[in-house]
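Visitor: Quick one: structure below, then a few questions.
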Amino acid sequence: MNAPSNLPANRVYNYAYLDEQTKRMIRRSILKAIAIPGYQVPFGSREMPVPYGWGTGGIQVTASIIGPDDVYKCIDQGADDTTNAVSIRRFFARVADVATTEQTEEATIIQTRHRIPEAPLQEGQIMVYQVPQPEPLRGLEPRETETRAMHAYEEYGLQYLSLYESVAAYGRIAGGAGYPVLVDERYLMSPSPIPKFDNPKLHQSEALHLFGAGREKRIYAVPPHTDVRSLDFEDYPFEIQSWDEVCALCNCDSSYKDEVILDDDGNRMFVCSDSAYCGERRKQGHSGPLAGHALDQLDQPEDAE
Amino acid sequence: MSMITPIERDEQLLVVEGLDKSFGPIGACRDVSFELRRGEILGIVGESGSGKTTLLRCISGQLEPTGGQVLFNSRRHGMHDIFALSEQDRRRIAREEWGYVHQNPRDGLRMRVSGGANVAEPLMMNGRRHYGEMREQSLNWFERVELDLGRIDNKPRTFSGGMQQRLQIARNLIHNPSLVFMDEPTGGLDVSVQARLLDLMRVLVREMGLAAIIVTHDIGVARLLADRLLVMKSGFVVEQGLTDQVLDDPQHGYTQLLVSSVLQI
Amino acid sequence: MAYVSVKGGERAISNAHAWLDEARRGDTNVPELGVAQIREQLSLAVDRVMMEGSCYDPDLAALAIKQARGDVTEAIFLLRAYRTTLSRFGASEPINTTKMSVARRVSAAFKDIPGGQILGPTFDYTHRLIDFGLSDDKTVPAAPLGDTPVAEHIPAIASVFAHEALLEPAPTDADDGAEPYDLTRQPMAFPAGRDQRLQALARGDEGFLLSLAYASQRGWGNTHPLCGEIRMGEVAVEFTPEELGFPIEVGEITVTECQMISNFEGSAESPPQFTRGYGLTFGHNERKAMSMAIVDRALRHAEVGEAGVHAVQDEEFVLYHSDNVEASGFVQHLKLPHYVDFQAELQFVRRLKKEWEEARANSDTSEFAEAAE
């Protein structure tokens, strides 16, 4: 695009937007978060040029760790071309002069809202999550002073209480996204609103996972090779979502699906929520029942200008 | 009619030594000392403002005394001043070994979750993770406190005051505590409901061999439940001893007044 | 096909923003609004944007209002996002409002007070009748000057009470040389100190504070406030550069200050006396300063030994929810796609519905079977 670049010659803002002092402060918070997996580190979140709730935490984390040699991928709902992901990717392409990609394998930093990519993450990759509400207990206890005490004293009975109520009411544990996990058998953590389908990808992951909540001013982390357990009961074990339908475009039967409404008569199709993964499969020749649908073209990466 | 049963194990469970608690210049508890043995039921009587609820809040770890010690014989720490322990350890003792029955069930229940969840919560707080087992135990406790099993998934607000109090009692006994604090447990109830609840509490506490400390202004409640009595006035303990002894032969003028005022009704 | 347009893209965003620019300009036959016009003629909007944007710069605030198409909350957001990129030299000396060049000063507590009552440029006592004459350009005659100049130092309301010790002494924060709490650099922490509370309230949304103050007046907070004093005017801002070691004046700002007075019955430690709430804003904004002072007092309930049962007395509730940039962002983030979480919910509800229908069908047949027997 024609956005003015932020190269040293005509840089209006500091590299990656934040000033170096702020980046150092955030890096210290990140290091503390890595040292205490799952613990929410309060940090001096800055006012960003995007609204709170729209990724300010993730953006600050990325801005603090990004360098010119990084390759940056940004997804929202699994897709690289959702509007807010486009907006954030453009921001970093402009202020951090960084290469961007849609390929999970190529990326060194993957910023995300609500999904973990389908392709397995590798050593050296960093996932950066945008977090609307870092406190998993907030829905059960509105007071920060109380929830901090619960974490400090490892009193998580309240969370189990909500699981109990759910089984009593629905015969199973409810909660499809933002499903709480116990990190390293110590801290209760919200994995951000990713579907519980993605929770197992956090367990003993090769990658580093950093979570930034700008409005709530908290950073937390899951380091590589850390135990991450989704809460459950012995007799109601944790389970993830599955679909009867395959991806209409690439025929994948194991991915998380988006439901796309086709018309007003209730016709719908299911497609991979991870657009890059789906595109790659199609390139490899996989073809679903609705291959050739208009959405097929829309999903292809835009040609570089 | 007194209910003194021989105390089988005379091991000390709680020792309070010279406890003071003041709010600014006002002394709410002054130099209170007493002991409690396992399985023993202690009644704290006195009129409102005598300091008995403050005393209960101090010995249950909710209010830090201004002076003195509260020694509790816990499974993890043995006989230890609870205020010398970390807050984490103190909260753990409260979670594992204590119950606290509030006068108003709304203060002791979670009104937003079902009756069953309220009863099962202490089990989850203490690390139990099997839904079916906890469900069964909740049902069992619903039965023991004579609540309708069919209402286990209903919210507490749909229960009557007496039912809510039964719910609170079940919730405070399910995890097998060694000591239960009760603050006017029958205070807000109708007389007929009170009598049945008292009877139920008497049976449960004896069956389980619990120690209990019951704060009440009602001499009748004290007589029915307590092995020993502590009479408080203006923050001081003015008299203590076996319930029958204190009530049948009160020594202190204030106790005499308390007892006579009951007899006159 | 319109359904899949959520899979938007860069072009859609660029086009949307071009449209926004066009909409902002409006009819090009109407002359464009100048930033100086906004600064001079919409000055109260400028004041509010400077205050809640935490940046005293009338030109920048006016520009933000222009860019935001007059949406004050959006303009506050723009100013804040700019402010955060500015380098800091340090904290100024505390401003001294008793040395204010007063343009307005009123007290509701006494008929006359040392320094006098000065109405100044106020909407009070205007009849709220639309002035149709304003739709045409016309020159406004200069306001008449008073016979005697306003006193240079006007004592604060506290001095009136000084002899009788009927007003609690101003809280004096220990001058330990520590920088005041800065919410733009530190996260909210509880219990909040006075500096943190006042900063949060000063940056807080005017409408939110107004409603809280109003609620407390109506009984949801029980503060029984009385306006001890409002003053508005210019004060000097001084800064002590490290290399000089003494304060120098770096400029003047206009502020509105409100001292709210509430009854207090006394406690074991304190005699019966009046207690204070404090409000301060940039520019001229009495509604905000008064609301702030009432809320400040309500939040001090524990200090004076009152029970805090209402929302306005709950510092976690008030301080966490007073910031309109945070609130606006989070409420409006619901516009962002949530179809991954929604798909999870859909699955769950569909499954429950299916089970419910099956259970119902089964019970229907069993009832039917019983009836047949």
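We name chains A, B, ... following the order of the structure tokens; residues begin at 1 in each chain, and ligands are numbered from 1 as shown.
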Mind checking which residues fall within 8 Å of Gly157 of chain A, counting only C-alpha atoms, ignoring those fewer than 3 positions away in the same chain, and posting them as a PDB file with N, CA and C atoms, in the first residue's frame?

Guide:
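Written out: result13.pdb:
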ATOM      1  N   TYR A 160     -14.027 -24.284  39.750  1.00  0.00           N
ATOM      2  CA  TYR A 160     -14.643 -25.614  39.676  1.00  0.00           C
ATOM      3  C   TYR A 160     -16.131 -25.537  39.970  1.00  0.00           C
ATOM      4  N   LEU A 161     -16.492 -24.591  40.822  1.00  0.00           N
ATOM      5  CA  LEU A 161     -17.904 -24.402  41.132  1.00  0.00           C
ATOM      6  C   LEU A 161     -18.689 -24.102  39.853  1.00  0.00           C
TER       7      LEU A 161
ATOM      8  N   GLU B 121     -19.369 -27.009  47.243  1.00  0.00           N
ATOM      9  CA  GLU B 121     -18.228 -26.104  47.075  1.00  0.00           C
ATOM     10  C   GLU B 121     -17.035 -26.406  47.991  1.00  0.00           C
ATOM     11  N   PRO B 122     -17.259 -26.640  49.293  1.00  0.00           N
ATOM     12  CA  PRO B 122     -16.103 -26.912  50.157  1.00  0.00           C
ATOM     13  C   PRO B 122     -15.289 -28.125  49.696  1.00  0.00           C
ATOM     14  N   MET B 124     -14.816 -28.960  46.526  1.00  0.00           N
ATOM     15  CA  MET B 124     -13.990 -28.477  45.411  1.00  0.00           C
ATOM     16  C   MET B 124     -12.866 -27.591  45.916  1.00  0.00           C
ATOM     17  N   MET B 125     -13.186 -26.789  46.944  1.00  0.00           N
ATOM     18  CA  MET B 125     -12.168 -25.916  47.539  1.00  0.00           C
ATOM     19  C   MET B 125     -11.024 -26.740  48.115  1.00  0.00           C
ATOM     20  N   ASN B 126     -11.346 -27.976  48.497  1.00  0.00           N
ATOM     21  CA  ASN B 126     -10.319 -28.821  49.085  1.00  0.00           C
ATOM     22  C   ASN B 126      -9.802 -29.871  48.104  1.00  0.00           C
ATOM     23  N   GLY B 127      -9.979 -29.586  46.813  1.00  0.00           N
ATOM     24  CA  GLY B 127      -9.280 -30.378  45.808  1.00  0.00           C
ATOM     25  C   GLY B 127     -10.034 -31.560  45.225  1.00  0.00           C
TER      26      GLY B 127
END

Visitor: Residues near Gly115 of chain C, anyone? I mean within 9 Å using only C-alpha atoms, not counting same-chain ones fewer than 4 positions away, as a VMD selection string.

Guide: chain C and resid 105 150 to 151 153 to 155

Visitor: Please determine, counting only C-alpha atoms, which residue among A:Tyr256, A:Tyr170, A:Trp243, A:Phe211 has the shortest atom-to-atom distance to chain B.

Guide: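 Closest to chain B, using only C-alpha atoms: A:Tyr170.
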
Visitor: Can you list, as a list in words, every protein, DNA or RNA residue that comes within 9 Å of Asp153 of chain B when you count only C-alpha atoms, leaving out same-chain residues fewer than 6 positions away?

Guide: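 Counting only C-alpha atoms, the residues come to Glu165, Ala168 and Ala169 of chain A; Val113, Ser114, Gly115, Gly116 and Ala117 of chain B.
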
Visitor: Do you have, as CSV, the list of residues of chain B lying at most 9 Å from chain C, each with its nearest atom pair and that distance in Å to one decimal, counting only C-alpha atoms and ordered by chain then number?

Guide:
residue,atom,partner,partner_atom,distance
B:Phe23,CA,C:Ala268,CA,8.7
B:Gly24,CA,C:Ala268,CA,6.6
B:Pro25,CA,C:Ala268,CA,6.8
B:Ile26,CA,C:Ala268,CA,7.9

Visitor: Excluding segment 227-230 of chain A and residues on its chain fewer than 6 positions from it, collect all residues at most 9 Å away from it, counting only C-alpha atoms, and give them as a tab-separated table (two decimals) with N, CA and C atoms, in the first residue's frame.

Guide:
chain	number	residue	atom	x	y	z
A	179	TYR	N	-11.69	-21.05	27.41
A	179	TYR	CA	-11.84	-22.13	28.40
A	179	TYR	C	-10.64	-22.14	29.34
A	180	PRO	N	-10.87	-22.04	30.66
A	180	PRO	CA	-9.74	-21.84	31.58
A	180	PRO	C	-8.78	-23.03	31.66
A	181	VAL	N	-7.51	-22.69	31.84
A	181	VAL	CA	-6.48	-23.73	31.93
A	181	VAL	C	-5.64	-23.51	33.19
A	182	LEU	N	-5.02	-24.57	33.64
A	182	LEU	CA	-4.07	-24.48	34.75
A	182	LEU	C	-2.68	-24.62	34.14
A	183	VAL	N	-1.83	-23.61	34.37
A	183	VAL	CA	-0.51	-23.60	33.76
A	183	VAL	C	0.53	-24.11	34.75
A	184	ASP	N	1.28	-25.09	34.33
A	184	ASP	CA	2.35	-25.64	35.15
A	184	ASP	C	1.82	-26.05	36.52
A	185	GLU	N	0.56	-26.49	36.56
A	185	GLU	CA	-0.10	-26.93	37.79
A	185	GLU	C	-0.08	-25.88	38.89
A	196	LYS	N	-11.97	-23.76	22.66
A	196	LYS	CA	-11.27	-24.78	23.46
A	196	LYS	C	-10.62	-25.82	22.55
A	199	ASN	N	-7.04	-25.23	22.82
A	199	ASN	CA	-6.35	-25.36	24.11
A	199	ASN	C	-5.21	-26.39	24.11
A	200	PRO	N	-5.44	-27.59	23.54
A	200	PRO	CA	-4.36	-28.58	23.61
A	200	PRO	C	-3.08	-28.15	22.91
A	201	LYS	N	-3.20	-27.18	21.99
A	201	LYS	CA	-1.99	-26.72	21.29
A	201	LYS	C	-1.05	-25.96	22.21
A	202	LEU	N	-1.56	-25.50	23.36
A	202	LEU	CA	-0.71	-24.76	24.30
A	202	LEU	C	0.14	-25.70	25.14
A	203	HIS	N	-0.33	-26.93	25.30
A	203	HIS	CA	0.35	-27.88	26.18
A	203	HIS	C	1.67	-28.35	25.57
A	204	GLN	N	2.75	-28.17	26.30
A	204	GLN	CA	4.07	-28.62	25.84
A	204	GLN	C	4.37	-28.13	24.43
A	205	SER	N	3.99	-26.87	24.17
A	205	SER	CA	4.20	-26.31	22.84
A	205	SER	C	5.68	-26.02	22.60
A	238	PHE	N	-12.25	-33.14	29.83
A	238	PHE	CA	-12.20	-32.08	28.83
A	238	PHE	C	-12.32	-32.66	27.43
